[in-house]
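Asker: So here's model20.tsv, just TSV, C-alpha atoms and all ligand atoms:
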```
chain	number	residue	atom	x	y	z
G	1	MET	CA	-7.91	-11.82	9.42
G	2	LYS	CA	-9.92	-9.50	11.66
G	3	ILE	CA	-8.25	-6.58	13.40
G	4	LEU	CA	-9.56	-4.13	15.97
G	5	GLY	CA	-7.62	-0.85	15.64
G	6	ILE	CA	-7.59	1.65	18.51
G	7	GLU	CA	-6.37	5.24	18.16
G	8	THR	CA	-6.10	7.86	20.93
G	9	SER	CA	-2.93	9.79	20.07
G	10	CYS	CA	-4.52	13.21	19.88
G	11	ASP	CA	-8.09	14.50	20.11
G	12	GLU	CA	-9.95	11.71	18.33
G	13	THR	CA	-11.11	8.60	20.17
G	14	ALA	CA	-11.36	6.11	17.34
G	15	ILE	CA	-11.90	2.37	16.97
G	16	SER	CA	-12.29	0.36	13.81
G	17	LEU	CA	-12.84	-3.31	13.11
G	18	ILE	CA	-11.68	-4.53	9.73
G	19	GLU	CA	-11.42	-7.85	7.94
G	20	VAL	CA	-8.53	-8.24	5.53
G	21	ASP	CA	-8.35	-11.02	2.97
G	22	GLU	CA	-4.62	-11.38	2.38
G	23	LYS	CA	-4.96	-13.39	-0.84
G	24	LYS	CA	-7.62	-11.26	-2.51
G	25	ARG	CA	-6.13	-8.10	-0.99
G	26	THR	CA	-9.53	-6.83	0.04
G	27	VAL	CA	-10.51	-4.92	3.15
G	28	HIS	CA	-13.99	-4.89	4.65
G	29	ILE	CA	-14.66	-2.21	7.22
G	30	LEU	CA	-16.98	-4.00	9.63
G	31	GLY	CA	-17.25	-1.16	12.12
G	32	ASN	CA	-15.68	2.27	12.30
G	33	THR	CA	-16.29	4.95	14.93
G	34	VAL	CA	-14.54	8.29	15.40
G	35	HIS	CA	-15.43	10.51	18.31
G	36	SER	CA	-13.92	13.96	17.85
G	37	GLN	CA	-13.17	16.23	20.80
G	38	ILE	CA	-12.81	19.36	18.65
G	39	ASP	CA	-15.60	21.27	20.41
G	40	ILE	CA	-14.05	20.64	23.81
G	41	HIS	CA	-10.60	21.85	22.76
G	42	ALA	CA	-11.84	24.80	20.66
G	43	SER	CA	-12.01	27.14	23.67
G	44	HIS	CA	-8.33	26.41	24.41
G	45	GLY	CA	-7.28	27.27	20.85
G	46	GLY	CA	-5.66	23.86	20.47
G	47	VAL	CA	-5.56	20.36	21.88
G	48	PHE	CA	-5.11	20.33	25.66
G	49	PRO	CA	-3.42	16.99	26.64
G	50	VAL	CA	-4.99	16.54	30.10
G	51	LEU	CA	-8.46	17.21	28.68
G	52	ALA	CA	-7.79	14.79	25.81
G	53	LYS	CA	-6.84	12.06	28.32
G	54	ARG	CA	-10.04	12.63	30.31
G	55	GLU	CA	-12.20	12.56	27.20
G	56	HIS	CA	-10.59	9.34	25.90
G	57	GLU	CA	-11.33	7.73	29.27
G	58	ILE	CA	-14.99	8.71	28.95
G	59	ASN	CA	-15.34	7.84	25.27
G	60	LEU	CA	-13.47	4.57	24.75
G	61	ILE	CA	-16.20	2.24	26.02
G	62	PRO	CA	-19.05	3.94	24.05
G	63	VAL	CA	-16.83	4.03	20.92
G	64	LEU	CA	-16.02	0.32	21.30
G	65	GLN	CA	-19.68	-0.48	21.85
G	66	LYS	CA	-20.76	1.44	18.73
G	67	THR	CA	-18.07	-0.23	16.62
G	68	LEU	CA	-19.04	-3.72	17.78
G	69	VAL	CA	-22.74	-3.02	17.17
G	70	GLU	CA	-21.94	-1.86	13.64
G	71	ALA	CA	-19.85	-5.00	13.08
G	72	LYS	CA	-22.74	-7.09	14.46
G	73	MET	CA	-20.38	-8.48	17.07
G	74	LEU	CA	-21.99	-7.24	20.24
G	75	GLU	CA	-23.40	-10.31	21.91
G	76	LYS	CA	-24.22	-11.28	25.45
G	77	PRO	CA	-21.96	-13.93	27.02
G	78	GLU	CA	-23.32	-17.31	28.18
G	79	VAL	CA	-21.84	-16.67	31.58
G	80	LYS	CA	-20.88	-13.30	32.90
G	81	SER	CA	-17.52	-13.44	34.69
G	82	PRO	CA	-16.07	-10.37	36.40
G	83	ILE	CA	-12.77	-8.91	35.22
G	84	GLY	CA	-9.80	-10.17	37.26
G	85	THR	CA	-7.94	-7.77	39.51
G	86	ASP	CA	-4.69	-8.25	37.53
G	87	THR	CA	-6.41	-7.13	34.37
G	88	LEU	CA	-8.13	-4.21	36.06
G	89	SER	CA	-4.82	-3.08	37.55
G	90	ILE	CA	-3.65	-2.31	33.99
G	91	LEU	CA	-6.08	0.60	34.20
G	92	ASP	CA	-4.99	1.85	37.63
G	93	ARG	CA	-3.97	5.23	36.21
G	94	GLU	CA	-7.23	5.58	34.30
G	95	LYS	CA	-9.77	5.31	37.11
G	96	THR	CA	-12.75	6.59	35.12
G	97	LEU	CA	-12.09	4.12	32.34
G	98	GLN	CA	-11.34	1.35	34.83
G	99	GLY	CA	-14.82	1.69	36.33
G	100	ALA	CA	-16.55	1.70	32.95
G	101	PHE	CA	-14.42	-1.26	31.78
G	102	ALA	CA	-15.29	-3.37	34.86
G	103	GLU	CA	-18.97	-2.65	34.30
G	104	PHE	CA	-19.28	-3.04	30.53
G	105	ILE	CA	-16.78	-5.65	29.35
G	106	PRO	CA	-18.26	-8.59	31.37
G	107	THR	CA	-21.63	-7.91	29.70
G	108	ILE	CA	-20.32	-8.70	26.20
G	109	LYS	CA	-18.99	-11.80	24.54
G	110	LYS	CA	-15.40	-11.91	23.26
G	111	PRO	CA	-15.63	-10.63	19.67
G	112	ASP	CA	-14.33	-12.69	16.76
G	113	VAL	CA	-11.10	-10.71	16.37
G	114	ASP	CA	-7.57	-12.00	15.68
G	115	PHE	CA	-5.54	-8.96	16.70
G	116	ILE	CA	-5.90	-5.68	18.57
G	117	SER	CA	-3.69	-2.94	17.17
G	118	ILE	CA	-2.92	0.19	19.12
G	119	THR	CA	-1.12	3.48	18.47
G	120	THR	CA	1.93	3.73	20.74
G	121	GLY	CA	3.25	6.97	19.20
G	122	PRO	CA	3.88	9.63	18.11
G	123	GLY	CA	1.31	11.84	19.82
G	124	LEU	CA	0.35	13.35	23.15
G	125	GLU	CA	1.63	10.95	25.80
G	126	PRO	CA	-1.25	11.31	28.30
G	127	ALA	CA	-3.64	10.58	25.42
G	128	LEU	CA	-1.58	7.66	24.07
G	129	TRP	CA	-1.39	6.02	27.51
G	130	VAL	CA	-5.17	5.77	27.79
G	131	GLY	CA	-5.46	3.86	24.52
G	132	ILE	CA	-2.50	1.62	25.33
G	133	SER	CA	-3.83	0.66	28.78
G	134	PHE	CA	-7.28	0.05	27.30
G	135	ALA	CA	-5.90	-2.15	24.51
G	136	ARG	CA	-3.80	-4.13	27.00
G	137	ALA	CA	-6.79	-4.64	29.31
G	138	LEU	CA	-8.92	-5.86	26.37
G	139	SER	CA	-6.10	-8.11	25.22
G	140	ALA	CA	-5.75	-9.57	28.73
G	141	THR	CA	-9.51	-10.13	29.09
G	142	TRP	CA	-10.03	-11.75	25.71
G	143	GLY	CA	-6.60	-13.35	25.16
G	144	ILE	CA	-6.18	-11.56	21.84
G	145	PRO	CA	-2.62	-10.61	20.73
G	146	LEU	CA	-1.67	-6.94	20.62
G	147	ILE	CA	0.17	-5.09	17.85
G	148	PRO	CA	1.86	-1.76	18.69
G	149	CYS	CA	1.59	0.67	15.76
G	150	ASN	CA	3.09	3.93	14.59
G	151	HIS	CA	0.46	6.62	14.01
G	152	MET	CA	2.32	8.06	11.00
G	153	GLU	CA	2.54	4.68	9.30
G	154	GLY	CA	-1.23	4.50	9.78
G	155	HIS	CA	-1.63	7.81	7.91
G	156	ILE	CA	0.43	6.40	5.02
G	157	LEU	CA	-1.50	3.14	4.86
G	158	ALA	CA	-4.90	4.89	4.92
G	159	ALA	CA	-4.18	6.01	1.35
G	160	LEU	CA	-3.66	2.43	0.15
G	161	ILE	CA	-7.30	1.38	0.24
G	162	LYS	CA	-9.64	2.20	-2.60
G	163	LYS	CA	-13.41	1.78	-2.42
G	164	ASN	CA	-14.94	-0.84	-4.69
G	165	GLY	CA	-18.64	-1.40	-3.99
G	166	ASP	CA	-19.14	-2.72	-0.46
G	167	HIS	CA	-15.44	-3.19	0.25
G	168	TYR	CA	-11.99	-1.72	-0.37
G	169	GLU	CA	-9.14	-2.94	-2.54
G	170	LEU	CA	-5.67	-2.85	-1.05
G	171	GLU	CA	-3.33	-1.14	-3.51
G	172	SER	CA	0.18	-2.46	-4.18
G	173	PRO	CA	2.02	0.77	-4.93
G	174	LYS	CA	5.17	0.92	-7.02
G	175	PHE	CA	8.30	1.78	-5.05
G	176	PRO	CA	10.19	3.91	-4.31
G	177	ALA	CA	7.29	5.98	-3.09
G	178	LEU	CA	7.32	9.36	-1.44
G	179	SER	CA	4.87	10.12	1.30
G	180	LEU	CA	3.81	13.61	2.23
G	181	LEU	CA	2.42	13.63	5.76
G	182	ILE	CA	0.70	16.86	6.66
G	183	SER	CA	-1.30	17.22	9.86
G	184	GLY	CA	-1.73	19.40	12.91
G	185	GLY	CA	1.28	17.75	14.54
G	186	HIS	CA	3.45	16.67	11.62
G	187	THR	CA	4.97	17.78	8.35
G	188	GLN	CA	7.22	15.16	6.84
G	189	ILE	CA	8.40	13.84	3.53
G	190	VAL	CA	9.06	10.12	3.84
G	191	LEU	CA	10.92	7.94	1.37
G	192	ILE	CA	9.30	4.49	1.25
G	193	GLU	CA	11.35	1.66	-0.22
G	194	SER	CA	8.72	-0.91	0.71
G	195	ILE	CA	5.93	-1.02	3.25
G	196	GLY	CA	7.67	-0.97	6.62
G	197	SER	CA	10.88	0.63	5.34
G	198	TYR	CA	10.73	4.37	5.88
G	199	LYS	CA	13.32	7.14	5.78
G	200	ILE	CA	12.56	10.72	6.74
G	201	VAL	CA	14.00	12.89	3.97
G	202	GLY	CA	12.45	16.15	5.11
G	203	GLU	CA	10.48	17.57	8.00
G	204	THR	CA	9.49	20.81	9.60
G	205	ARG	CA	12.04	22.53	11.80
G	206	ASP	CA	9.36	24.29	13.81
G	207	ASP	CA	5.57	24.40	13.31
G	208	ALA	CA	3.62	21.72	11.46
G	209	ILE	CA	1.50	22.81	8.50
G	210	GLY	CA	-1.82	22.32	10.30
G	211	GLU	CA	-0.45	24.15	13.33
G	212	CYS	CA	0.62	27.02	11.06
G	213	PHE	CA	-2.88	27.22	9.56
G	214	ASP	CA	-4.43	27.11	13.03
G	215	LYS	CA	-2.15	29.82	14.45
G	216	ILE	CA	-2.62	32.14	11.48
G	217	ALA	CA	-6.37	31.58	11.70
G	218	ARG	CA	-6.24	32.67	15.32
G	219	THR	CA	-4.37	35.86	14.38
G	220	LEU	CA	-7.13	36.53	11.85
G	221	GLY	CA	-9.78	36.05	14.55
G	222	LEU	CA	-10.98	32.65	13.34
G	223	THR	CA	-11.74	29.82	15.77
G	224	TYR	CA	-9.92	26.48	16.19
G	225	PRO	CA	-9.36	24.42	14.08
G	226	GLY	CA	-8.55	27.23	11.70
G	227	GLY	CA	-7.32	25.21	8.71
G	228	PRO	CA	-10.75	24.53	7.17
G	229	LYS	CA	-11.80	28.16	7.78
G	230	ILE	CA	-8.69	29.58	6.08
G	231	SER	CA	-9.35	27.25	3.19
G	232	LYS	CA	-12.95	28.43	2.81
G	233	LEU	CA	-12.02	32.12	2.97
G	234	ALA	CA	-9.15	31.59	0.53
G	235	ASP	CA	-11.60	30.06	-1.96
G	236	GLU	CA	-13.90	33.05	-1.56
G	237	ALA	CA	-10.97	35.43	-2.11
G	238	ARG	CA	-9.96	33.61	-5.31
G	239	ALA	CA	-13.53	33.64	-6.60
G	240	SER	CA	-13.77	37.41	-6.10
G	241	HIS	CA	-10.14	38.21	-7.06
G	242	ILE	CA	-9.23	39.52	-3.62
G	243	GLN	CA	-5.49	39.76	-2.93
G	244	SER	CA	-3.57	39.97	0.32
G	245	PRO	CA	-2.60	43.55	1.28
G	246	GLU	CA	1.03	42.31	1.16
G	247	PRO	CA	2.78	39.19	-0.11
G	248	LEU	CA	3.83	36.60	2.49
G	249	PRO	CA	7.17	34.71	2.58
G	250	ARG	CA	7.64	31.15	1.26
G	251	PRO	CA	10.05	29.96	3.99
G	252	MET	CA	12.91	27.69	2.88
G	253	ILE	CA	11.46	27.32	-0.61
G	254	ASP	CA	14.93	27.58	-2.17
G	255	SER	CA	16.86	25.57	0.43
G	256	LYS	CA	18.75	22.58	-0.95
G	257	ASP	CA	17.19	20.14	1.52
G	258	PHE	CA	13.59	18.94	1.86
G	259	ASP	CA	12.97	20.55	5.23
G	260	PHE	CA	10.26	23.04	6.03
G	261	SER	CA	9.83	25.97	8.38
G	262	PHE	CA	6.49	27.60	8.96
G	263	SER	CA	6.98	29.75	12.03
G	264	GLY	CA	8.26	32.64	9.87
G	265	LEU	CA	5.04	32.60	7.88
G	266	LYS	CA	3.02	32.76	11.08
G	267	THR	CA	5.14	35.68	12.33
G	268	ALA	CA	4.82	37.50	9.00
G	269	VAL	CA	1.03	37.34	9.29
G	270	LEU	CA	1.22	38.54	12.89
G	271	TYR	CA	3.26	41.60	11.88
G	272	LEU	CA	1.06	42.33	8.91
G	273	VAL	CA	-2.09	42.18	11.03
G	274	LYS	CA	-0.46	44.37	13.70
G	275	LYS	CA	0.37	46.93	11.03
G	276	LEU	CA	-3.11	46.87	9.52
G	277	THR	CA	-4.84	47.20	12.90
G	278	LYS	CA	-2.43	49.80	14.34
G	279	ASP	CA	-4.78	52.49	15.53
G	280	GLY	CA	-7.48	50.19	16.77
G	281	VAL	CA	-8.75	49.62	13.22
G	282	GLN	CA	-10.45	46.29	12.60
G	283	LEU	CA	-9.35	44.02	9.77
G	284	THR	CA	-11.76	44.21	6.86
G	285	GLU	CA	-13.35	41.08	5.43
G	286	ASN	CA	-11.34	41.54	2.23
G	287	GLN	CA	-8.10	41.79	4.18
G	288	ILE	CA	-8.88	38.61	6.12
G	289	ASN	CA	-9.85	36.70	2.99
G	290	GLY	CA	-6.84	38.03	1.08
G	291	ILE	CA	-4.43	36.97	3.84
G	292	ALA	CA	-6.12	33.54	4.03
G	293	ARG	CA	-5.61	33.13	0.29
G	294	GLU	CA	-1.97	34.22	0.43
G	295	THR	CA	-1.34	31.88	3.40
G	296	GLU	CA	-2.73	28.94	1.47
G	297	ASP	CA	-0.75	29.90	-1.64
G	298	ALA	CA	2.49	30.26	0.35
G	299	VAL	CA	2.09	26.87	2.04
G	300	THR	CA	1.12	25.19	-1.24
G	301	ASP	CA	4.06	26.73	-3.15
G	302	VAL	CA	6.50	25.43	-0.55
G	303	ILE	CA	5.02	21.91	-0.45
G	304	ILE	CA	4.86	21.51	-4.21
G	305	THR	CA	8.38	22.87	-4.77
G	306	LYS	CA	9.87	20.51	-2.17
G	307	MET	CA	7.90	17.52	-3.43
G	308	ARG	CA	8.91	18.20	-7.05
G	309	LYS	CA	12.60	18.27	-6.06
G	310	ALA	CA	12.27	15.12	-3.94
G	311	ILE	CA	10.49	13.23	-6.75
G	312	GLU	CA	13.44	13.91	-9.04
G	313	ALA	CA	16.10	13.26	-6.43
G	314	TYR	CA	14.74	9.80	-5.54
G	315	ALA	CA	13.29	8.71	-8.90
G	316	ILE	CA	9.88	8.32	-7.30
G	317	GLU	CA	7.12	6.10	-8.77
G	318	THR	CA	4.24	6.88	-6.39
G	319	ILE	CA	3.18	9.72	-4.10
G	320	ILE	CA	1.22	8.75	-1.00
G	321	VAL	CA	-0.40	11.51	1.01
G	322	GLY	CA	-1.70	11.42	4.56
G	323	GLY	CA	-2.86	13.66	7.40
G	324	GLY	CA	-5.74	16.00	8.14
G	325	VAL	CA	-4.43	18.91	6.05
G	326	ILE	CA	-5.01	16.96	2.83
G	327	ALA	CA	-8.68	17.87	3.29
G	328	ASN	CA	-7.45	21.19	1.83
G	329	THR	CA	-8.70	21.20	-1.76
G	330	HIS	CA	-6.15	23.75	-2.98
G	331	ILE	CA	-3.21	21.61	-1.81
G	332	ARG	CA	-4.96	18.48	-3.14
G	333	THR	CA	-5.46	20.02	-6.60
G	334	HIS	CA	-1.82	21.10	-6.83
G	335	LEU	CA	-0.59	17.67	-5.79
G	336	GLU	CA	-2.81	16.11	-8.45
G	337	LYS	CA	-1.29	18.43	-11.03
G	338	LEU	CA	2.23	17.64	-9.84
G	339	ALA	CA	1.60	13.90	-10.13
G	340	GLN	CA	0.12	14.36	-13.60
G	341	ASP	CA	3.04	16.52	-14.78
G	342	SER	CA	5.53	13.97	-13.44
G	343	SER	CA	3.52	10.99	-14.78
G	344	ILE	CA	3.47	9.27	-11.42
G	345	LYS	CA	0.66	7.76	-9.44
G	346	LEU	CA	-0.89	9.74	-6.59
G	347	LEU	CA	-2.59	7.91	-3.75
G	348	LEU	CA	-4.82	10.06	-1.58
G	349	PRO	CA	-6.88	8.85	1.36
G	350	GLN	CA	-10.64	9.11	1.26
G	351	THR	CA	-11.39	12.47	2.98
G	352	ASP	CA	-12.91	10.89	6.10
G	353	HIS	CA	-9.85	8.63	6.41
G	354	SER	CA	-7.37	11.52	6.24
G	355	THR	CA	-7.99	12.77	9.78
G	356	ASP	CA	-7.16	10.47	12.70
G	357	ASN	CA	-9.16	7.23	12.74
G	358	GLY	CA	-9.02	3.64	13.93
G	359	LEU	CA	-9.07	2.19	10.43
G	360	MET	CA	-5.54	3.40	9.71
G	361	ILE	CA	-4.33	1.73	12.91
G	362	ALA	CA	-6.14	-1.50	12.05
G	363	LEU	CA	-4.37	-1.41	8.66
G	364	ALA	CA	-1.04	-0.73	10.39
G	365	GLY	CA	-1.80	-3.81	12.51
G	366	PHE	CA	-2.33	-5.88	9.37
G	367	PHE	CA	1.12	-4.96	8.05
G	368	ASN	CA	2.82	-5.45	11.43
G	369	THR	CA	1.61	-8.83	12.65
G	370	ASP	CA	5.28	-9.82	13.08
G	371	ASN	CA	5.44	-7.35	15.97
G	372	LYS	CA	2.60	-9.01	17.84
G	373	THR	CA	2.88	-9.23	21.58
G	374	ASP	CA	0.56	-9.78	24.52
G	375	SER	CA	-0.88	-7.86	27.44
G	376	ARG	CA	2.01	-8.81	29.74
G	377	THR	CA	4.34	-6.61	27.71
G	378	LEU	CA	4.37	-3.11	29.10
G	379	LEU	CA	3.87	-1.14	25.90
G	380	LYS	CA	5.01	2.43	26.35
G	381	ALA	CA	3.56	5.66	25.01
G	382	MET	CA	6.24	7.24	22.84
G	383	GLY	CA	5.36	10.84	22.15
G	384	THR	CA	8.13	11.38	19.63
G	385	LEU	CA	8.30	7.90	18.08
G	386	ALA	CA	9.97	8.23	14.66
G	387	LEU	CA	8.81	6.43	11.55
G	388	GLY	CA	12.37	5.73	10.50
G	389	PRO	CA	15.87	7.19	10.36
G	390	ARG	CA	16.48	10.72	9.20
G	391	VAL	CA	18.56	10.89	6.00
F	1	LIG	O1	-4.41	14.76	11.00
F	1	LIG	P1	-5.28	15.66	11.81
F	1	LIG	O2	-6.74	15.37	11.87
F	1	LIG	O3	-4.82	15.68	13.28
F	1	LIG	C1	-3.49	15.64	13.66
F	1	LIG	O4	-2.95	14.51	13.82
F	1	LIG	O5	-2.92	16.73	13.78
F	1	LIG	O6	-5.04	17.14	11.27
F	1	LIG	C2	-5.70	18.27	11.84
F	1	LIG	C3	-5.15	19.52	11.20
F	1	LIG	C4	-5.60	20.79	11.90
F	1	LIG	O7	-4.46	21.62	12.12
F	1	LIG	C5	-6.54	21.43	10.90
F	1	LIG	O8	-6.58	22.83	10.96
F	1	LIG	C6	-5.97	20.95	9.58
F	1	LIG	O9	-5.59	19.61	9.84
F	1	LIG	N1	-6.95	20.99	8.49
F	1	LIG	C7	-6.83	21.79	7.42
F	1	LIG	C8	-7.99	21.57	6.63
F	1	LIG	N2	-8.76	20.63	7.25
F	1	LIG	C9	-8.10	20.29	8.39
F	1	LIG	N3	-5.87	22.65	7.08
F	1	LIG	C10	-6.03	23.31	5.92
F	1	LIG	N4	-7.10	23.17	5.12
F	1	LIG	C11	-8.11	22.32	5.42
F	1	LIG	N5	-9.16	22.19	4.62
F	2	ZN	ZN	-2.73	12.13	12.73
```
Do you think you could lay out the structure here as structure tokens?
Ligand code: KG4
Ligand code: ZN
Answerer:
Amino acid sequence: MKILGIETSCDETAISLIEVDEKKRTVHILGNTVHSQIDIHASHGGVFPVLAKREHEINLIPVLQKTLVEAKMLEKPEVKSPIGTDTLSILDREKTLQGAFAEFIPTIKKPDVDFISITTGPGLEPALWVGISFARALSATWGIPLIPCNHMEGHILAALIKKNGDHYELESPKFPALSLLISGGHTQIVLIESIGSYKIVGETRDDAIGECFDKIARTLGLTYPGGPKISKLADEARASHIQSPEPLPRPMIDSKDFDFSFSGLKTAVLYLVKKLTKDGVQLTENQINGIARETEDAVTDVIITKMRKAIEAYAIETIIVGGGVIANTHIRTHLEKLAQDSSIKLLLPQTDHSTDNGLMIALAGFFNTDNKTDSRTLLKAMGTLALGPRV
């Protein structure tokens, strides 16, 4: 089964084409392209939805083209027929993309694809809409069924493939599993009884972990996205035994539930920096590095404590991690230790599959073929789409 996965929920325009062998449980990534808009959003200190929409409109056709070339599926058609007005009207709200679509799509042959899967939420609605309209227009042109997918399920599934030579093996994890989803927009602990059956057992009450890293980084004078920069400075501080001028709080670490709160940590850093820079004094390099280290330690302490409690509470067999923040080696190392101490299996995504990508949406498509629909269905962007009920 071949699936074209399209992802535009935030600031990555991403398309992947995979082939899954259901019997052998193997996945071949035939083409995979991620176009990041980080540089464009950096000057805004975060992702700016209207800009993200505009960029997706510009990038979707080139990203599709690159993916099809990589998959060796970009061929010229025998006859070139223009796109019908009904199909083009799907893109009426995306004029830039509509023009590029009308020009490019008739020049290529329908690719050998069984399904097109598309993120319908959660995410930034203006950004989601672009991908949804694009997927519907492709589906209408080529007569390929569409599968609406949840972005967070994609993050979970990205950890289920393990590289083996030229392809990937699809893991069959033992359940119940616990998924830790940590990104710029989300912080959730999800109880998984089987693939497709998700319950939210804990989530952030305010800022997401990545958002917390990014905001603290900004207070420390570091540019967006701040997470990787904090991580680097924290490593330097540890190597040279630099401490934070003051300890930072571990919000909600002792609460009985599995919820998180990170805005207090952000505020604590803000006050500390205000105090240290009172009379126009600049922060020293040691102070910045020390605060970065303490920030990372505080976040890690909270995550590990909550995960340890949840593992016991739900008799967990597997931990599955997803989201861009798992690129953080300190958090990764502590999760590895937690899994080892609890004698349970830890599934981590390959680093380049942890941030948003089309592969995870193609995989979500594979597991959701029962939800297939066609281009006549008006799929909606659902900014706050939940993965499952809150328990
Ligand atoms: O999953 P992702 O690519 O996008 C969202 O869906 O949000 O995650 C991006 C987030 C950003 O907040 C970024 O600062 C954070 O992941 N991040 C990190 C690291 N690498 C990326 N945070 C901490 N340490 C890192 N090494
Ligand atoms: Zn994401």
Asker: What's the 8 Å shell around stretch 113-130 of chain G, counting all atoms listed in the file, without same-chain residues fewer than 4 positions away, as a ChimeraX atom specification?
Answerer: /G:1-11,49-50,52-53,56-57,94,134-135,139,144-152,185,361-362,364-365,379-386
Asker: One decimal, in Å: what's the spacing between atom C10 of ligand LIG 1 (chain F) and atom CA of G:Ile161?
Answerer: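 Computing the Euclidean distance for atom C10 of ligand LIG 1 (chain F) and atom CA of G:Ile161 yields 22.7 Å.
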Asker: With only C-alpha atoms as the counted atoms, please give the residues lying no more than 8 Å from stretch 187-193 of chain G, apart from itself and same-chain residues fewer than 4 positions off, as a list in words.
Answerer: Phe175, Pro176, Ala177, Leu178, Ser179, Leu180, Leu181, Ile182, Ser183, Ser197, Tyr198, Lys199, Ile200, Val201, Gly202, Glu203, Thr204, Ala208, Ile209, Phe258, Phe260 and Met307 of chain G
Asker: Here's a test: counting only C-alpha atoms, identify every protein, DNA and RNA residue with an atom at most 12 Å from (-13.1, 2.5, -2.9) in the file's coordinate frame, and state them as a list in words.
Answerer: Thr26, Val27, His28, Ile29, Ala158, Ala159, Leu160, Ile161, Lys162, Lys163, Asn164, Gly165, Asp166, His167, Tyr168, Glu169, Leu170, Glu171, Leu347, Leu348, Pro349, Gln350, Thr351 and His353 of chain G
Asker: As a quick test: using only C-alpha atoms and all ligand atoms, which residues lie no more than 9 Å away from ligand LIG 1 (chain F)? Give them as a VMD selection string.
Answerer: chain G and resid 9 to 12 46 123 151 to 152 155 181 to 186 208 to 215 217 224 to 232 296 322 to 331 354 to 357
Asker: Choose the residue, out of G:Ile195, G:Asn59, G:Pro249, G:Ile303, that has the smallest atom-to-atom separation from G:Thr267; count only C-alpha atoms.
Answerer: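 Result for the nearest residue to G:Thr267: G:Pro249.
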Asker: Using only C-alpha atoms and all ligand atoms, which residue out of G:Ala14, G:Ile253, G:Ala237, G:Ile288 lies closest to ligand ZN 2 (chain F)?
Answerer: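 The closest residue to ligand ZN 2 (chain F) is G:Ala14.
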Asker: Give the answer as one residue: which of G:Ile216, G:Ile156, G:Ala298, G:Ala239 has the shortest atom-to-atom distance to ligand ZN 2 (chain F), using all atoms listed in the file?
Answerer: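 Answer, going by the shortest atom-to-atom distance: G:Ile156.
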Asker: May I ask for the distance between atom CA of G:Ser375 and atom CA of G:Arg136, given in Å to one decimal place?
Answerer: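 Rounded to one decimal, the two atoms are 4.8 Å apart.
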Asker: Pick the closest to ligand ZN 2 (chain F) from G:Ala100, G:Leu338, G:Met360, G:Ile105: which is it, counting only C-alpha atoms and all ligand atoms?
Answerer: G:Met360
Asker: Grab the atom CA of G:Thr284 to atom CA of G:Val47 distance for me, in Å with one decimal place.
Answerer: 28.9 Å
Asker: Could you tell me which of G:Gly358, G:Pro389, G:Pro251, G:Gly131 comes closest to G:Gly31 if we count all atoms listed in the file?
Answerer: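 Between G:Gly358, G:Pro389, G:Pro251, G:Gly131, the residue approaching G:Gly31 most closely is G:Gly358.
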Asker: Considering only C-alpha atoms, can you say which of G:Leu346, G:Ala292, G:Leu265, G:Leu335 comes closest to G:Thr305?
Answerer: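 Among the listed residues, the smallest separation from G:Thr305 belongs to G:Leu335.
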Asker: With a distance cut-off of 10 Å and only C-alpha atoms, select the neighbouring residues of G:Lys66, excluding the residue or stretch itself and same-chain residues fewer than 6 positions from it, and output the selection as a list in words.
Answerer: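 Listed by chain and then number, they are Ile15, Ser16, Gly31, Asn32, Thr33, Val34, Leu60, Lys72 and Leu74 of chain G.
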Asker: Let me see the file: selected residues, C-alpha atoms, as a PDB file, keeping the file's coordinate frame.
Answerer:
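Output contents, as saved in part_2.pdb:
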```pdb
ATOM      1  CA  ILE G  15     -11.900   2.370  16.970  1.00  0.00           C
ATOM      2  CA  SER G  16     -12.290   0.360  13.810  1.00  0.00           C
ATOM      3  CA  GLY G  31     -17.250  -1.160  12.120  1.00  0.00           C
ATOM      4  CA  ASN G  32     -15.680   2.270  12.300  1.00  0.00           C
ATOM      5  CA  THR G  33     -16.290   4.950  14.930  1.00  0.00           C
ATOM      6  CA  VAL G  34     -14.540   8.290  15.400  1.00  0.00           C
ATOM      7  CA  LEU G  60     -13.470   4.570  24.750  1.00  0.00           C
ATOM      8  CA  LYS G  72     -22.740  -7.090  14.460  1.00  0.00           C
ATOM      9  CA  LEU G  74     -21.990  -7.240  20.240  1.00  0.00           C
TER      10      LEU G  74
END
```
Asker: From the block you just saw, export stretch 229-247 of chain G: C-alpha atoms, as a compact mmCIF listing (two decimals), in the first residue's frame.
Answerer:
```
# COMPACT_ATOMS: atom_id res chain seq x y z
CA LYS G 229 20.12 26.81 22.19
CA ILE G 230 19.15 26.29 25.85
CA SER G 231 20.12 22.66 25.47
CA LYS G 232 23.56 23.54 24.08
CA LEU G 233 24.27 26.12 26.80
CA ALA G 234 23.04 23.73 29.50
CA ASP G 235 25.53 21.12 28.27
CA GLU G 236 28.32 23.68 28.40
CA ALA G 237 27.32 24.67 31.95
CA ARG G 238 27.37 21.03 33.07
CA ALA G 239 30.76 20.45 31.48
CA SER G 240 32.24 23.43 33.33
CA HIS G 241 30.24 22.96 36.57
CA ILE G 242 28.38 26.25 36.22
CA GLN G 243 25.27 26.57 38.40
CA SER G 244 22.28 28.87 38.12
CA PRO G 245 22.52 31.95 40.40
CA GLU G 246 19.28 30.67 42.02
CA PRO G 247 17.29 27.45 41.89
```
